[in-house]
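J.: My file is coords_28.txt. It has compact mmCIF, C-alpha atoms:
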# COMPACT_ATOMS: atom_id res chain seq x y z
CA MET A 1187 -17.08 6.34 -54.56
CA ALA A 1188 -17.69 7.22 -50.97
CA LEU A 1189 -21.27 7.78 -49.91
CA PRO A 1190 -21.80 11.00 -47.96
CA LEU A 1191 -23.69 9.17 -45.20
CA PRO A 1192 -22.64 6.08 -43.27
CA PRO A 1193 -24.75 2.95 -43.81
CA GLY A 1194 -27.85 2.67 -41.67
CA LEU A 1195 -30.15 5.33 -40.33
CA VAL A 1196 -28.85 8.44 -38.59
CA PRO A 1197 -30.55 9.63 -35.37
CA THR A 1198 -32.66 12.27 -37.10
CA GLU A 1199 -34.07 9.67 -39.51
CA VAL A 1200 -34.83 7.32 -36.62
CA ALA A 1201 -36.66 10.13 -34.85
CA PHE A 1202 -38.64 10.81 -38.02
CA LEU A 1203 -39.71 7.16 -38.25
CA CYS A 1204 -40.68 7.27 -34.60
CA GLU A 1205 -43.31 9.90 -35.43
CA MET A 1206 -45.33 7.14 -37.11
CA GLU A 1207 -45.80 5.37 -33.77
CA LEU A 1208 -49.36 5.39 -32.46
CA VAL A 1209 -49.97 7.22 -29.19
CA THR A 1210 -53.12 7.59 -27.15
CA ILE A 1211 -54.63 11.04 -26.75
CA VAL A 1212 -57.58 12.53 -24.93
CA PRO A 1213 -59.03 15.06 -27.36
CA ARG A 1214 -60.49 18.32 -26.09
CA GLN A 1215 -62.25 19.16 -29.33
CA ARG A 1216 -64.19 17.20 -31.91
CA LEU A 1217 -62.30 16.41 -35.07
CA GLU A 1218 -63.63 14.45 -38.00
CA SER A 1219 -61.67 11.58 -39.42
CA ILE A 1220 -58.88 12.67 -41.78
CA PRO A 1221 -58.20 10.40 -44.76
CA LEU A 1222 -54.43 10.07 -44.98
CA LEU A 1223 -52.19 7.94 -47.18
CA SER A 1224 -51.38 5.81 -44.14
CA GLY A 1225 -55.09 5.29 -43.45
CA ALA A 1226 -57.88 7.37 -42.00
CA THR A 1227 -57.40 8.72 -38.49
CA PRO A 1228 -60.19 7.94 -36.02
CA ALA A 1229 -62.81 10.62 -35.50
CA LEU A 1230 -62.04 12.43 -32.24
CA ARG A 1231 -64.92 12.79 -29.78
CA PRO A 1232 -64.03 14.20 -26.37
CA PRO A 1233 -63.63 12.72 -23.85
CA HIS A 1234 -63.09 9.37 -25.58
CA ARG A 1235 -59.50 8.29 -25.99
CA ALA A 1236 -58.18 7.73 -29.48
CA GLN A 1237 -54.98 6.37 -31.00
CA ILE A 1238 -53.31 8.57 -33.59
CA PRO A 1239 -49.77 8.87 -34.95
CA LEU A 1240 -47.29 10.80 -32.85
CA TRP A 1241 -46.82 13.63 -35.36
CA LEU A 1242 -50.54 14.39 -35.37
CA ALA A 1243 -50.72 14.08 -31.60
CA LEU A 1244 -47.87 16.60 -31.24
CA LEU A 1245 -49.62 18.97 -33.63
CA LEU A 1246 -52.88 18.77 -31.66
CA LYS A 1247 -50.96 19.10 -28.41
CA LYS A 1248 -49.27 22.29 -29.60
CA GLN A 1249 -52.65 23.71 -30.56
CA ARG A 1250 -54.01 22.68 -27.17
CA ARG A 1251 -56.65 20.52 -28.78
CA ALA A 1252 -55.58 17.30 -27.06
CA ASN A 1253 -53.66 15.81 -24.17
CA ILE A 1254 -51.30 12.91 -24.71
CA VAL A 1255 -51.60 9.86 -22.45
CA PRO A 1256 -48.02 8.66 -21.93
CA PRO A 1257 -47.39 4.92 -22.28
CA ALA A 1258 -47.21 2.88 -19.09
CA TRP A 1259 -43.50 2.12 -19.48
CA LEU A 1260 -42.71 5.82 -19.17
CA HIS A 1261 -43.96 5.88 -15.58
CA PRO A 1262 -41.12 6.41 -13.04
CA ALA A 1263 -41.92 3.13 -11.28
CA SER A 1264 -41.69 1.19 -14.54
CA LEU A 1265 -38.41 2.89 -15.49
CA ALA A 1266 -36.94 2.19 -12.04
CA GLU A 1267 -37.94 -1.44 -12.43
CA ILE A 1268 -36.23 -1.63 -15.82
CA ILE A 1269 -33.08 -0.04 -14.41
CA HIS A 1270 -33.13 -2.58 -11.60
CA GLN A 1271 -33.50 -5.36 -14.17
CA GLU A 1272 -30.63 -3.93 -16.23
CA THR A 1273 -28.20 -3.43 -13.37
CA ASN A 1274 -28.96 -6.11 -10.79
CA VAL A 1275 -30.95 -8.95 -12.34
CA ASP A 1276 -29.13 -9.33 -15.64
CA SER A 1277 -26.06 -7.17 -15.95
CA GLU A 1278 -25.03 -8.75 -19.25
CA ALA A 1279 -27.99 -8.59 -21.61
CA PHE A 1280 -30.34 -5.76 -22.40
CA SER A 1281 -33.80 -5.85 -20.87
CA PRO A 1282 -36.13 -7.86 -23.12
CA PRO A 1283 -38.40 -6.19 -25.68
CA PRO A 1284 -42.15 -6.13 -25.01
CA PRO A 1285 -43.97 -9.45 -25.48
CA PRO A 1286 -46.10 -9.82 -28.61
CA VAL A 1287 -49.30 -7.85 -28.33
CA MET A 1288 -52.27 -10.09 -27.58
CA ARG A 1289 -55.88 -9.29 -28.33
CA SER A 1290 -58.85 -10.98 -26.76
CA ASP A 1291 -61.13 -12.59 -29.33
CA GLY A 1292 -64.24 -12.04 -27.25
CA ARG A 1293 -64.71 -15.73 -26.50
CA GLY A 1294 -62.31 -15.99 -23.61
CA GLY A 1295 -59.25 -16.69 -25.75
CA ALA A 1296 -56.43 -14.43 -26.80
CA ARG A 1297 -54.48 -14.25 -30.00
CA GLN A 1298 -51.68 -12.12 -31.34
CA TYR A 1299 -52.49 -8.64 -32.54
CA ALA A 1300 -53.02 -8.40 -36.29
CA SER A 1301 -51.82 -11.86 -37.17
CA ASN A 1302 -53.53 -14.98 -38.43
CA PRO A 1303 -54.37 -17.70 -35.92
CA GLU A 1304 -52.54 -20.14 -38.17
CA PRO A 1305 -49.40 -18.43 -39.40
CA LYS A 1306 -48.44 -19.23 -42.96
CA PRO A 1307 -45.12 -18.51 -44.62
CA GLY A 1308 -45.31 -15.13 -46.32
CA ASP A 1309 -47.64 -13.75 -43.70
CA LEU A 1310 -47.19 -10.18 -42.62
CA VAL A 1311 -45.12 -9.95 -39.45
CA LEU A 1312 -45.67 -6.63 -37.78
CA SER A 1313 -42.81 -4.64 -36.32
CA PRO A 1314 -42.61 -1.08 -34.99
CA PRO A 1315 -44.08 1.40 -35.87
CA PHE A 1316 -47.05 -0.81 -36.81
CA LEU A 1317 -47.38 -2.28 -33.32
CA PRO A 1318 -49.17 -0.29 -30.62
CA SER A 1319 -46.11 -0.29 -28.33
CA CYS A 1320 -46.32 3.36 -27.26
CA THR A 1321 -50.06 3.66 -26.62
CA ALA A 1322 -51.61 3.85 -23.18
CA ASP A 1323 -52.25 0.09 -23.05
CA ALA A 1324 -48.64 -0.87 -23.82
CA PRO A 1325 -47.28 -3.04 -21.01
CA SER A 1326 -45.12 -1.45 -18.34
CA GLY A 1327 -41.67 -2.78 -17.54
CA TYR A 1328 -40.67 -3.31 -21.19
CA LEU A 1329 -38.90 -0.86 -23.43
CA PRO A 1330 -40.26 -0.78 -26.98
CA TYR A 1331 -38.09 -0.30 -30.06
CA HIS A 1332 -38.50 3.48 -30.17
CA TRP A 1333 -38.27 4.06 -26.42
CA LEU A 1334 -35.59 6.74 -26.35
CA GLU A 1335 -36.96 8.86 -29.19
CA MET A 1336 -40.53 8.56 -27.95
CA SER A 1337 -39.75 9.50 -24.37
CA GLU A 1338 -37.48 12.41 -25.37
CA THR A 1339 -40.12 13.77 -27.72
CA LEU A 1340 -42.88 13.41 -25.15
CA LEU A 1341 -40.76 15.08 -22.48
CA ALA A 1342 -39.90 17.93 -24.82
CA HIS A 1343 -43.36 18.67 -26.14
CA ALA A 1344 -45.80 17.23 -23.62
CA ALA A 1345 -43.95 17.40 -20.32
CA ASP A 1346 -47.12 18.49 -18.50
CA ASP A 1347 -48.82 15.23 -19.54
CA VAL A 1348 -46.02 13.00 -18.24
CA PRO A 1349 -46.37 12.23 -14.51
CA SER A 1350 -43.33 13.47 -12.51
CA ALA A 1351 -41.47 14.53 -15.63
CA ALA A 1352 -38.30 15.59 -13.81
CA GLU A 1353 -37.88 12.19 -12.20
CA VAL A 1354 -38.56 10.46 -15.53
CA ARG A 1355 -35.89 12.59 -17.14
CA THR A 1356 -33.25 11.56 -14.57
CA LEU A 1357 -34.22 7.90 -14.80
CA LEU A 1358 -33.99 8.03 -18.59
CA ARG A 1359 -30.46 9.48 -18.40
CA ASP A 1360 -29.46 6.64 -16.04
CA LEU A 1361 -31.01 4.03 -18.27
CA GLN A 1362 -29.31 5.46 -21.32
CA GLU A 1363 -25.90 5.37 -19.62
CA VAL A 1364 -26.37 1.82 -18.33
CA ARG A 1365 -27.32 0.58 -21.77
CA ALA A 1366 -24.53 2.49 -23.52
CA ALA A 1367 -22.04 0.81 -21.19
CA LYS A 1368 -23.57 -2.57 -22.08
CA MET A 1369 -23.30 -1.77 -25.76
CA ARG A 1370 -19.60 -1.10 -25.31
CA GLY A 1371 -19.22 -4.24 -23.23
CA SER A 1372 -21.06 -6.38 -25.78
CA THR A 1373 -18.16 -6.08 -28.20
CA THR A 1374 -15.76 -7.71 -25.75
CA GLN A 1375 -17.60 -10.98 -26.37
CA LEU A 1376 -15.83 -11.01 -29.72
CA GLU A 1377 -12.54 -11.66 -27.96
CA GLY A 1378 -12.86 -15.44 -28.00
CA GLY A 1379 -13.23 -15.41 -31.75
CA GLY A 1380 -16.55 -16.03 -33.45
CA GLY A 1381 -18.71 -14.78 -30.57
CA VAL A 1382 -21.91 -13.07 -31.61
CA VAL A 1383 -22.95 -9.80 -30.03
CA GLY A 1384 -26.45 -10.18 -28.62
CA LEU A 1385 -28.47 -7.06 -29.37
CA ARG A 1386 -31.95 -8.25 -28.39
CA GLY A 1387 -34.03 -5.46 -26.94
CA VAL A 1388 -31.84 -2.61 -28.17
CA GLY A 1389 -33.73 0.49 -29.25
CA ALA A 1390 -33.55 2.17 -32.65
CA MET A 1391 -31.77 5.28 -31.41
CA GLU A 1392 -29.15 3.26 -29.56
CA LEU A 1393 -28.54 1.28 -32.73
CA ALA A 1394 -28.13 4.44 -34.77
CA GLU A 1395 -25.68 5.75 -32.18
CA SER A 1396 -23.49 2.66 -31.88
CA ARG A 1397 -23.76 1.20 -35.36
CA GLY A 1398 -20.49 2.70 -36.56
CA PHE A 1399 -18.58 1.57 -33.51
CA VAL A 1400 -19.88 -2.01 -33.40
CA GLN A 1401 -19.31 -2.44 -37.13
CA GLY A 1402 -15.81 -1.07 -36.71
CA VAL A 1403 -14.96 -3.55 -33.96
CA VAL A 1404 -16.40 -6.52 -35.86
CA ASP A 1405 -14.50 -5.43 -38.95
CA GLY A 1406 -11.26 -5.07 -37.03
CA VAL A 1407 -11.56 -8.48 -35.37
CA ARG A 1408 -12.32 -10.02 -38.74
CA LYS A 1409 -9.27 -8.42 -40.32
CA ILE A 1410 -6.99 -9.48 -37.46
CA GLY A 1411 -8.25 -13.05 -37.67
CA ALA A 1412 -8.32 -13.14 -41.48
CA SER A 1413 -4.98 -14.87 -42.02
CA VAL A 1414 -5.59 -17.52 -39.37
CA GLU A 1415 -9.12 -18.03 -40.66
CA GLN A 1416 -7.77 -18.47 -44.17
CA ALA A 1417 -5.33 -21.13 -42.95
CA ARG A 1418 -8.09 -22.89 -41.04
CA ARG A 1419 -10.30 -22.95 -44.12
CA GLU A 1420 -7.57 -24.44 -46.23
CA ASP A 1421 -7.04 -27.12 -43.59
CA GLU A 1422 -10.72 -27.83 -43.56
CA GLU A 1423 -10.96 -28.12 -47.30
CA ARG A 1424 -8.16 -30.66 -47.26
CA GLY A 1425 -9.97 -32.72 -44.65
CA TYR A 1426 -13.39 -31.94 -46.05
CA GLY A 1427 -14.51 -35.54 -46.39
CA ASP A 1428 -14.44 -36.38 -42.67
CA GLU A 1429 -15.15 -32.93 -41.22
CA GLY A 1430 -18.37 -32.04 -42.98
CA ALA A 1431 -20.06 -31.55 -39.61
CA ASP A 1432 -17.96 -28.46 -38.94
CA GLU A 1433 -19.69 -26.55 -41.73
CA SER A 1434 -22.39 -25.15 -39.46
CA ASP A 1435 -19.75 -23.74 -37.12
CA ASP A 1436 -18.20 -22.05 -40.08
CA GLU A 1437 -21.34 -20.05 -40.74
CA MET A 1438 -21.32 -18.78 -37.19
CA GLY A 1439 -17.79 -17.48 -37.54
CA PHE A 1440 -17.09 -13.89 -38.44
CA GLU A 1441 -17.76 -13.69 -42.08
CA MET B 1217 -8.42 -2.34 -49.48
CA SER B 1218 -8.33 0.43 -51.98
CA TYR B 1219 -5.38 1.28 -54.21
CA TYR B 1220 -5.39 4.79 -52.81
CA ASP B 1221 -5.70 3.73 -49.17
CA LEU B 1222 -3.10 5.89 -47.41
CA ASP B 1223 -2.87 3.58 -44.41
CA ALA B 1224 -2.16 0.62 -46.68
CA ILE B 1225 0.57 2.58 -48.47
CA LEU B 1226 2.13 3.62 -45.15
CA THR B 1227 1.98 0.04 -43.92
CA ASP B 1228 3.75 -1.08 -47.07
CA ALA B 1229 6.53 1.34 -46.30
CA GLU B 1230 7.13 0.06 -42.75
CA LYS B 1231 10.67 -1.24 -42.34
CA VAL B 1232 11.09 -4.87 -41.34
CA PRO B 1233 14.36 -6.54 -40.36
CA CYS B 1234 15.67 -9.17 -42.75
CA LYS B 1235 18.85 -10.88 -43.86
CA PHE B 1236 19.96 -11.60 -47.40
CA GLU B 1237 20.83 -15.23 -48.04
CA ILE B 1238 23.18 -14.30 -50.87
CA GLU B 1239 25.80 -11.69 -51.48
CA VAL B 1240 24.27 -8.79 -53.40
CA PRO B 1241 26.51 -6.56 -55.51
CA ASP B 1242 26.11 -2.77 -55.37
CA LEU B 1243 23.80 -2.83 -52.35
CA GLY B 1244 26.54 -2.09 -49.83
CA TYR B 1245 25.06 1.33 -49.06
CA LEU B 1246 22.26 -0.41 -47.18
CA ASP B 1247 24.89 -1.38 -44.64
CA ASN B 1248 26.67 2.03 -44.70
CA ASN B 1249 29.34 0.48 -46.81
CA PRO B 1250 29.06 1.86 -50.36
CA SER B 1251 31.16 0.52 -53.23
CA HIS B 1252 31.25 -2.89 -51.58
CA PRO B 1253 28.82 -5.74 -52.16
CA LEU B 1254 26.30 -6.43 -49.44
CA LYS B 1255 27.51 -9.57 -47.69
CA ALA B 1256 25.18 -12.47 -47.03
CA HIS B 1257 23.56 -12.60 -43.56
CA THR B 1258 24.01 -8.91 -42.87
CA PRO B 1259 20.99 -7.60 -40.94
CA VAL B 1260 19.27 -4.84 -42.93
CA SER B 1261 15.91 -3.10 -42.76
CA LEU B 1262 13.83 -3.11 -45.91
CA PRO B 1263 10.33 -1.77 -46.54
CA LEU B 1264 7.67 -4.43 -46.19
CA TRP B 1265 6.58 -4.45 -49.85
CA LEU B 1266 10.10 -5.24 -51.02
CA ALA B 1267 11.04 -7.63 -48.24
CA GLU B 1268 7.81 -9.60 -48.63
CA LEU B 1269 8.39 -10.12 -52.34
CA LEU B 1270 12.00 -11.14 -51.89
CA ALA B 1271 11.15 -13.48 -49.04
CA ILE B 1272 8.52 -15.29 -51.10
CA ALA B 1273 10.09 -15.29 -54.56
CA ASN B 1274 12.33 -18.16 -55.58
CA ARG B 1275 15.97 -17.39 -56.15
CA SER B 1276 16.26 -19.32 -59.38
CA ALA B 1277 13.79 -19.91 -62.17
CA ASN B 1278 13.56 -23.68 -61.82
CA SER B 1279 11.03 -24.66 -59.19
CA GLN B 1280 13.16 -27.36 -57.55
CA ASP B 1281 15.29 -24.81 -55.74
CA SER B 1282 12.80 -23.01 -53.52
CA SER B 1283 15.17 -20.98 -51.38
CA PRO B 1284 14.24 -17.28 -51.29
CA PHE B 1285 16.51 -14.25 -51.56
CA LEU B 1286 16.24 -13.28 -47.94
CA THR B 1287 14.79 -14.37 -44.64
CA LEU B 1288 12.32 -12.16 -42.87
CA SER B 1289 12.04 -11.81 -39.12
CA MET B 1290 9.43 -10.23 -36.87
CA PRO B 1291 9.86 -6.45 -36.54
CA GLN B 1292 10.65 -4.97 -33.15
CA THR B 1293 7.07 -3.68 -33.04
CA LEU B 1294 5.76 -7.22 -32.69
CA SER B 1295 8.57 -8.59 -30.58
CA SER B 1296 7.92 -10.88 -27.63
CA GLU B 1297 8.37 -7.96 -25.20
CA VAL B 1298 5.50 -6.11 -26.81
CA THR B 1299 3.23 -9.14 -26.96
CA SER B 1300 3.86 -10.03 -23.33
CA ALA B 1301 3.15 -6.44 -22.32
CA LEU B 1302 -0.08 -6.65 -24.29
CA LYS B 1303 -0.92 -9.92 -22.59
CA ALA B 1304 -0.46 -8.28 -19.19
CA ASP B 1305 -2.57 -5.18 -19.84
CA PRO B 1306 -3.64 -4.14 -23.34
CA ARG B 1307 -4.59 -0.67 -22.16
CA ALA B 1308 -1.17 0.20 -20.76
CA VAL B 1309 0.74 -0.06 -24.04
CA PRO B 1310 0.84 3.03 -26.26
CA LEU B 1311 0.50 1.23 -29.59
CA ARG B 1312 1.15 4.40 -31.56
CA ASP B 1313 4.70 4.48 -30.24
CA GLN B 1314 5.25 1.00 -31.63
CA SER B 1315 3.89 1.80 -35.06
CA HIS B 1316 1.27 4.15 -36.48
CA ASN B 1317 -0.25 1.25 -38.34
CA PHE B 1318 0.24 -1.38 -35.66
CA TYR B 1319 -2.65 -3.70 -36.49
CA ALA B 1320 -2.24 -3.33 -40.24
CA LEU B 1321 1.43 -4.27 -39.95
CA ALA B 1322 0.60 -7.11 -37.58
CA THR B 1323 -1.97 -8.61 -39.94
CA ARG B 1324 0.51 -8.43 -42.80
CA MET B 1325 3.13 -10.19 -40.70
CA MET B 1326 0.63 -12.82 -39.59
CA GLU B 1327 -0.20 -13.53 -43.22
CA ILE B 1328 3.45 -14.46 -43.63
CA PHE B 1329 4.11 -16.21 -40.32
CA GLU B 1330 0.67 -17.60 -39.35
CA ASP B 1331 1.16 -17.11 -35.64
CA LEU B 1332 -1.93 -18.40 -33.79
CA ASP B 1333 -0.76 -17.11 -30.42
CA MET B 1334 -0.17 -13.62 -31.66
CA CYS B 1335 -3.55 -13.59 -33.38
CA ALA B 1336 -5.28 -14.38 -30.08
CA VAL B 1337 -3.27 -11.72 -28.20
CA LEU B 1338 -3.98 -9.09 -30.83
CA ARG B 1339 -7.66 -9.89 -30.92
CA ARG B 1340 -7.90 -9.55 -27.17
CA THR B 1341 -5.92 -6.30 -27.31
CA PHE B 1342 -8.09 -4.83 -30.03
CA VAL B 1343 -11.37 -5.71 -28.36
CA THR B 1344 -10.30 -4.50 -24.92
CA ARG B 1345 -8.92 -1.26 -26.22
CA ALA B 1346 -11.97 -0.75 -28.42
CA GLY B 1347 -14.20 -0.73 -25.33
CA GLU B 1348 -11.99 1.87 -23.69
CA THR B 1349 -11.85 3.91 -26.89
CA ALA B 1350 -15.64 3.93 -27.10
CA LEU B 1351 -15.89 5.14 -23.53
CA HIS B 1352 -13.71 8.15 -24.28
CA ALA B 1353 -15.42 8.72 -27.61
CA ARG B 1354 -18.79 8.84 -25.92
CA LYS B 1355 -17.51 11.25 -23.30
CA ALA B 1356 -16.07 13.49 -25.98
CA GLY B 1357 -19.09 13.21 -28.26
CA ALA B 1358 -21.76 13.73 -25.62
CA SER B 1359 -20.10 16.73 -23.99
CA ASP B 1360 -18.94 19.83 -25.79
CA ASP B 1361 -15.32 19.94 -24.74
CA TYR B 1362 -12.91 17.72 -26.60
CA LYS B 1363 -10.63 17.35 -23.61
CA VAL B 1364 -10.83 13.77 -22.47
CA ALA B 1365 -10.93 13.57 -18.72
CA GLY B 1366 -8.16 11.36 -17.41
CA GLY B 1367 -7.57 9.48 -20.63
CA GLU B 1368 -5.03 11.69 -22.40
CA ASP B 1369 -2.25 9.13 -22.21
CA PHE B 1370 -4.45 6.39 -23.53
CA MET B 1371 -5.79 8.54 -26.34
CA ARG B 1372 -2.30 9.52 -27.42
CA GLY B 1373 -1.44 5.83 -27.74
CA LEU B 1374 -4.19 5.01 -30.25
CA GLU B 1375 -2.96 3.79 -33.60
CA ALA B 1376 -4.62 4.24 -37.00
CA TRP B 1377 -7.39 1.61 -36.75
CA GLU B 1378 -8.28 2.72 -33.26
CA ARG B 1379 -8.37 6.36 -34.30
CA ALA B 1380 -10.85 5.47 -37.05
CA LEU B 1381 -12.89 3.56 -34.48
CA PHE B 1382 -12.81 6.52 -32.11
CA LEU B 1383 -14.04 8.77 -34.88
CA ARG B 1384 -16.98 6.49 -35.71
CA ALA B 1385 -18.02 6.09 -32.07
CA HIS B 1386 -17.64 9.83 -31.52
CA ASP B 1387 -19.75 10.73 -34.56
CA GLY B 1388 -22.53 8.40 -33.44
CA ALA B 1389 -22.67 9.89 -29.95
CA LYS B 1390 -22.44 13.40 -31.38
CA ASP B 1391 -25.29 12.86 -33.87
CA SER B 1392 -27.64 11.58 -31.23
CA LYS B 1393 -26.70 14.41 -28.88
CA VAL B 1394 -27.37 16.97 -31.61
CA TRP B 1395 -30.79 15.43 -32.20
CA MET B 1396 -31.58 15.36 -28.51
CA GLU B 1397 -30.77 19.05 -28.16
CA GLY B 1398 -32.82 19.91 -31.21
CA VAL B 1399 -35.90 17.93 -30.23
CA LYS B 1400 -37.46 20.86 -28.40
CA LYS B 1401 -37.73 22.97 -31.54
What would the structure in this file look like if it were written as structure tokens?
T.:
Amino acid sequence: MALPLPPGLVPTEVAFLCEMELVTIVPRQRLESIPLLSGATPALRPPHRAQIPLWLALLLKKQRRANIVPPAWLHPASLAEIIHQETNVDSEAFSPPPPPVMRSDGRGGARQYASNPEPKPGDLVLSPPFLPSCTADAPSGYLPYHWLEMSETLLAHAADDVPSAAEVRTLLRDLQEVRAAKMRGSTTQLEGGGGVVGLRGVGAMELAESRGFVQGVVDGVRKIGASVEQARREDEERGYGDEGADESDDEMGFE
Amino acid sequence: MSYYDLDAILTDAEKVPCKFEIEVPDLGYLDNNPSHPLKAHTPVSLPLWLAELLAIANRSANSQDSSPFLTLSMPQTLSSEVTSALKADPRAVPLRDQSHNFYALATRMMEIFEDLDMCAVLRRTFVTRAGETALHARKAGASDDYKVAGGEDFMRGLEAWERALFLRAHDGAKDSKVWMEGVKK
């Protein structure tokens, strides 16, 4: 039976998940801590900055109770730098995701945010939206996982808080086009047979947009190569004794 | 592949050229010659499902004699002219004119013939054309008009797999555009 929705998240679902991302606000009014299922929000005391989820920040922004501090990567200079990186420095791969968040331990050292100093198997590995990648202290020059959704939402609802919003908007359009072209180009790596599409640093919304297409191409290449692959496998099984080393290559193939 | 897959059924019905190795009685009408037996080595076109079976099955029950009923040859769709045109520029060939189910037919033929060269050419063709298809799909999905600027000829030449691919790429671009327009509400 056919499912009504394609596999994976659709853009609206991605945008919904993005609302869990923490953003930094400057409150204008006092607000006591609210105990929520996802944890208590910090008590808001103007003019101290606080980090709260995006949905709450948007609510407070609409009621004019807070101003949102946009993340550093949304600054026009940072976006221009990323576009330069995408077009001139490395025109093949996507710009890298932000480095792991480090926290000072107060004794002159630094360790990763919310992780044990000695990682054990089974430890919690944090990924967005549980990393503070959209707060004011997020590094500039790196696009976080939810970059497109976050910046569109901020521009739509808090444009007066974003410095030079019009310029940011144009730069975002450029960036989106550059990366969409790369996403299309990434599938041509499959031509040689068994190439893997590198999607490091791709944002959630871009994934939701291109998932169907990339899956379709991979599927098609697999189907075209199926008969030859089958013949190769049979050959390999016949000569299995002396070609055991080829097994690891097999895994890399399109399966 | 589902039993009800229309593309698979249509691919099964594609005609492929073949020649009977034996004289077949009462099949003369295939060669516009009713009431005569079909002579051996007469070129006829049979649907793929029938030709494939007859090309693989053994003529007699005992397994020593492994000669089949007929020999199959590559259809015109996959002839060397087409493959060399594809080698030159995959985007310039309207695949739909060759066959509506070009890739499906080609994979079926490759299962029979195991042609490594053709596999490489087809893979390159598919991947190159997929990139172009996605470009047009994004243009169509991200702007309201369905008229594709400058790519009409190319779009008309898309065959069944590529049309499905176009649809998926278009829907993705469309969904994200719809969200982006609705974000202000």
J.: Measuring atom to atom with only C-alpha atoms, identify which of A:Cys1204, A:Leu1242, A:Cys1320, A:Ala1345 is nearest to Ala1390 in chain A.
T.: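 So, comparing all the options, the nearest one is A:Cys1204.
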J.: Restrict the distance test to only C-alpha atoms, flag each residue of chain B within 10 Å of chain A, and return the flagged residues as a ChimeraX atom specification.
T.: /B:1319-1320,1322-1332,1334-1351,1353-1354,1377-1378,1380-1401
J.: Keeping only C-alpha atoms, write the selected residues to a file as a CSV table (one decimal), keeping the file's coordinate frame.
T.:
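Output (again.csv):
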chain,number,residue,atom,x,y,z
B,1319,TYR,CA,-2.6,-3.7,-36.5
B,1320,ALA,CA,-2.2,-3.3,-40.2
B,1322,ALA,CA,0.6,-7.1,-37.6
B,1323,THR,CA,-2.0,-8.6,-39.9
B,1324,ARG,CA,0.5,-8.4,-42.8
B,1325,MET,CA,3.1,-10.2,-40.7
B,1326,MET,CA,0.6,-12.8,-39.6
B,1327,GLU,CA,-0.2,-13.5,-43.2
B,1328,ILE,CA,3.4,-14.5,-43.6
B,1329,PHE,CA,4.1,-16.2,-40.3
B,1330,GLU,CA,0.7,-17.6,-39.4
B,1331,ASP,CA,1.2,-17.1,-35.6
B,1332,LEU,CA,-1.9,-18.4,-33.8
B,1334,MET,CA,-0.2,-13.6,-31.7
B,1335,CYS,CA,-3.6,-13.6,-33.4
B,1336,ALA,CA,-5.3,-14.4,-30.1
B,1337,VAL,CA,-3.3,-11.7,-28.2
B,1338,LEU,CA,-4.0,-9.1,-30.8
B,1339,ARG,CA,-7.7,-9.9,-30.9
B,1340,ARG,CA,-7.9,-9.6,-27.2
B,1341,THR,CA,-5.9,-6.3,-27.3
B,1342,PHE,CA,-8.1,-4.8,-30.0
B,1343,VAL,CA,-11.4,-5.7,-28.4
B,1344,THR,CA,-10.3,-4.5,-24.9
B,1345,ARG,CA,-8.9,-1.3,-26.2
B,1346,ALA,CA,-12.0,-0.8,-28.4
B,1347,GLY,CA,-14.2,-0.7,-25.3
B,1348,GLU,CA,-12.0,1.9,-23.7
B,1349,THR,CA,-11.8,3.9,-26.9
B,1350,ALA,CA,-15.6,3.9,-27.1
B,1351,LEU,CA,-15.9,5.1,-23.5
B,1353,ALA,CA,-15.4,8.7,-27.6
B,1354,ARG,CA,-18.8,8.8,-25.9
B,1377,TRP,CA,-7.4,1.6,-36.8
B,1378,GLU,CA,-8.3,2.7,-33.3
B,1380,ALA,CA,-10.8,5.5,-37.0
B,1381,LEU,CA,-12.9,3.6,-34.5
B,1382,PHE,CA,-12.8,6.5,-32.1
B,1383,LEU,CA,-14.0,8.8,-34.9
B,1384,ARG,CA,-17.0,6.5,-35.7
B,1385,ALA,CA,-18.0,6.1,-32.1
B,1386,HIS,CA,-17.6,9.8,-31.5
B,1387,ASP,CA,-19.8,10.7,-34.6
B,1388,GLY,CA,-22.5,8.4,-33.4
B,1389,ALA,CA,-22.7,9.9,-30.0
B,1390,LYS,CA,-22.4,13.4,-31.4
B,1391,ASP,CA,-25.3,12.9,-33.9
B,1392,SER,CA,-27.6,11.6,-31.2
B,1393,LYS,CA,-26.7,14.4,-28.9
B,1394,VAL,CA,-27.4,17.0,-31.6
B,1395,TRP,CA,-30.8,15.4,-32.2
B,1396,MET,CA,-31.6,15.4,-28.5
B,1397,GLU,CA,-30.8,19.0,-28.2
B,1398,GLY,CA,-32.8,19.9,-31.2
B,1399,VAL,CA,-35.9,17.9,-30.2
B,1400,LYS,CA,-37.5,20.9,-28.4
B,1401,LYS,CA,-37.7,23.0,-31.5
J.: Do you have the CA of Leu1311 in chain B-CA of Asp1405 in chain A distance handy?
T.: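 Answer for the CA of Leu1311 in chain B to CA of Asp1405 in chain A separation: 18.9 Å.
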J.: Mind checking which residues fall within 9 Å of Glu1230 in chain B, counting all atoms listed in the file, ignoring those fewer than 5 positions away in the same chain, and posting them as a PDB file with C-alpha atoms, in the coordinates of the input?
T.:
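The resulting selection.pdb:
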ATOM      1  CA  LEU B1262      13.830  -3.110 -45.910  1.00  0.00           C
ATOM      2  CA  PRO B1263      10.330  -1.770 -46.540  1.00  0.00           C
ATOM      3  CA  LEU B1264       7.670  -4.430 -46.190  1.00  0.00           C
ATOM      4  CA  TRP B1265       6.580  -4.450 -49.850  1.00  0.00           C
ATOM      5  CA  SER B1315       3.890   1.800 -35.060  1.00  0.00           C
ATOM      6  CA  ASN B1317      -0.250   1.250 -38.340  1.00  0.00           C
ATOM      7  CA  LEU B1321       1.430  -4.270 -39.950  1.00  0.00           C
TER       8      LEU B1321
END
